[in-house]
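I have placed the structure first, in the form of structure tokens, so that the comments after it can refer back to it.
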Amino acid sequence: MAGLKKRSRTYYIEFSRTINGKQSKRKFSLGTRNKIHAERLRGKFTELENTGRIDPFRDDFVLPIDDFDNSIKLNKALDIFLENHLHWANSTHTAYKTILACFIKRNGFENKFLTQITSNDISRYLMRDDISNATRKKEYRHMKHFWRWCLDKHWIKKSPLKGVVLPREVPNTTAKMIRYDELMTLFKAFDEYHKGLLSSKNYRSWQSQDWFKPLIVTYFYTGCRRQELLNVIWDDVTEDLRFIRINDKKDGDERIVYIRKPLIPYWEEYAKKHKRNPEDPVFYNLKTGLPLTGDHVYRAFKTYLKKAGLPKSRTVHGLRHAFATNSLNDRVPLEVAQKSLGHSSPVVTQMYQHISKVDLKEWYDKVNKEEKDKQ
């Protein structure tokens, strides 16, 4: 017979046998803190003892935990995983169920144990040609969480995701970037909309969205991340409106951003109306007085993008891409561009140099035309 004992949170199996009229016991560590796992191992070792395949009372006996597969089946693990996460939103729960079930079915792993899954199995599945890189990353994230959970349950000794490396693709930032002429078109659509709004009987002053133009143009000329500017308070801006202190939440560093000449009229006009106490946010919701949120800016940007008839692929983060690309192609030293953007590594900054020659030519043809029109 064999029973379970628990000591210091770890389960042990205890064999008992009557030898020469005396009750003898021997105890061995199962190396697990999971009761379900321990019960399953107890059943297996009890069967091995009953059939005479092991003798735990031999002096040289060592519990053969690693001599056979001691993991539960993948399908069973998925069922328990989903049952343990019923508190998730329905869409999240369904996503995990779909992705993991597809992995099992597509590879014919219905009867495989967790410990039989290798990094090659996962790599082969994730690197299939019929999915986009975005889908590949999504599936990787979901699988990573599942295997980490299995690891925490002590059902596996190491995650099969260890050693799986997704290909790093150079992002196609060109479609997201906005040019200067498009920026002016965007602002024209903003002005036209608010001109019509002013004539409305139901117009309220908080509907003016005075923050929109100075905020968007600052993204374009400084390359700040969306939340970085939203976190700025008036104490971070110099009195002459020439420099902004940015607290980089991503890397925990602080950097200074220069307010270039094209930005000054926007900032001066905005400061006259909305400069408040030093600790107050520079960009705030005119209705509530609270700091603007990233979603608030995103929705407003997309609204005026549509009204201006500009490509819907343009994004707020594309303003940062535009600044980075323009800086490097204007021969700004790499280390200067890196510090301006707040990148921790120059490798990230260099990625902006990989825009195709066709895209670059198309971009600069339009930029050159704009510069001629200004002269």
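Every chain in the structure tokens takes a letter, A first, then B, and so on in the order presented; its residues are numbered from 1, and the ligands are numbered from 1 following the presented order.
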Checklist entry - Which residues in region 80-261 of chain A does DSSP call alpha helix (DSSP H)? List them as a ChimeraX atom specification. => result /A:80-83,90-107,119-126,133-152,180-198,212-222,226-230
Checklist entry - So which residues touch region 192-194 of chain A within 9 Å, counting only C-alpha atoms, skipping near sequence neighbours fewer than 6 positions away, as a PyMOL selection string? => result chain A and resi 207-209+304+307
All residues 10 Å or closer to region 77-82 of chain A, only C-alpha atoms, same chain fewer than 5 positions away omitted, as a JSON list (two decimals) with C-alpha atoms, in the first residue's frame:
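File result_31.json, as written:
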```json
[["chain", "number", "residue", "atom", "x", "y", "z"],
["A", 71, "SER", "CA", 2.81, 14.34, -16.99],
["A", 72, "ILE", "CA", -0.89, 14.71, -17.62],
["A", 87, "HIS", "CA", -13.47, 34.63, -14.40],
["A", 88, "TRP", "CA", -11.96, 35.95, -17.64],
["A", 93, "HIS", "CA", -11.59, 32.79, -22.59],
["A", 94, "THR", "CA", -12.70, 31.94, -26.14],
["A", 96, "TYR", "CA", -7.34, 30.89, -25.36],
["A", 97, "LYS", "CA", -9.63, 27.94, -26.02],
["A", 100, "LEU", "CA", -4.73, 26.10, -27.80],
["A", 101, "ALA", "CA", -7.33, 23.67, -29.15],
["A", 104, "ILE", "CA", -3.61, 20.33, -30.33],
["A", 113, "PHE", "CA", 1.39, 14.26, -22.58],
["A", 114, "LEU", "CA", 2.58, 17.73, -21.62],
["A", 146, "PHE", "CA", -0.63, 28.49, -20.76],
["A", 147, "TRP", "CA", 2.80, 26.84, -20.46],
["A", 149, "TRP", "CA", 0.65, 28.11, -15.80],
["A", 150, "CYS", "CA", 1.56, 24.43, -16.34],
["A", 155, "TRP", "CA", 3.27, 19.50, -14.31]]
```
Checklist entry - Closest to Tyr219 (chain A) among A:Ile178, A:Ile99, A:Leu292, A:Met143, using only C-alpha atoms? => result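 Looking at the shortest contact to Tyr219 (chain A), the residue is A:Ile178.
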Checklist entry - What are the DSSP strand (DSSP E) residues of region 75-285 of chain A, as a list in words? => result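 Those residues are Phe243, Ile244, Arg245, Ile246, Asn247, Glu254, Arg255, Ile256, Val257 and Tyr258 of chain A.
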Next on the checklist: Which residues are close to His154 (chain A), i.e. within 12 Å by only C-alpha atoms, leaving aside same-chain residues fewer than 5 positions away? Reply as a PyMOL selection string.
Outcome noted: chain A and resi 10-11+30-38+70-72+77+114-115+147-149+159
Export of the given selection (C-alpha atoms) as a short mmCIF file (atom, residue, chain, number, x, y, z; two decimals), in the first residue's frame:
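Result file follows (again_13.cif):
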```
data_model
loop_
_atom_site.label_atom_id
_atom_site.label_comp_id
_atom_site.auth_asym_id
_atom_site.auth_seq_id
_atom_site.Cartn_x
_atom_site.Cartn_y
_atom_site.Cartn_z
CA THR A 10 5.97 19.07 -0.91
CA TYR A 11 4.16 15.75 -1.33
CA LEU A 30 7.48 13.09 -5.29
CA GLY A 31 9.02 16.48 -6.05
CA THR A 32 5.68 18.20 -6.51
CA ARG A 33 3.46 20.60 -4.58
CA ASN A 34 0.41 19.88 -6.70
CA LYS A 35 -2.05 17.46 -5.10
CA ILE A 36 -3.57 16.26 -8.38
CA HIS A 37 -0.14 15.48 -9.75
CA ALA A 38 0.86 13.76 -6.50
CA ASN A 70 4.69 11.53 -15.31
CA SER A 71 2.81 14.34 -16.99
CA ILE A 72 -0.89 14.71 -17.62
CA ALA A 77 -4.40 20.21 -18.93
CA LEU A 114 2.58 17.73 -21.62
CA THR A 115 6.16 16.56 -21.24
CA TRP A 147 2.80 26.84 -20.46
CA ARG A 148 3.82 29.16 -17.63
CA TRP A 149 0.65 28.11 -15.80
CA SER A 159 8.40 25.33 -20.68
#
```
Item to check | Selection near Ser119 (chain A), 8 Å with only C-alpha atoms, sequence-local residues under 4 positions removed, as a PyMOL selection string | outcome: chain A and resi 123+160-164
Checklist entry - Thr349 (chain A): which residues within 10 Å, counting only C-alpha atoms, same-chain residues fewer than 2 positions away excluded, as a ChimeraX atom specification? => result /A:324-325,328,334-335,337-339,341-347,351-353
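Note that the spacing between CA of Arg136 (chain A) and CA of Gly223 (chain A) amounts to 28.6 Å.
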Item to check | Selection: 10 Å around Leu63 (chain A), only C-alpha atoms, excl. self and same-chain fewer than 5 positions, as a ChimeraX atom specification | outcome: /A:13,27-30,45,54-56
Next on the checklist: Let me make sure I understand: among A:Tyr125, A:Trp267, A:Trp234, A:Phe243, which one has the smallest atom-to-atom distance to Trp211 (chain A) if we use only C-alpha atoms?
Outcome noted: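 That would be A:Trp267, the residue with the smallest distance to Trp211 (chain A).
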Checklist entry - Looking at A:Thr46, A:Gln23, A:Thr92, A:Thr218, which one is nearest to Leu4 (chain A), with distances taken over only C-alpha atoms? => result A:Thr46
Next on the checklist: For a quick check of understanding, using only C-alpha atoms, which of A:Glu47, A:Glu228, A:Glu182, A:Asp130 has the smallest distance to Pro281 (chain A)?
Outcome noted: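 Using only C-alpha atoms, Pro281 (chain A) sits closest to A:Glu228.
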Checklist entry - What is the distance, in Å and to one decimal place, between CA of Gly318 (chain A) and CA of Glu254 (chain A)? => result 22.5 Å
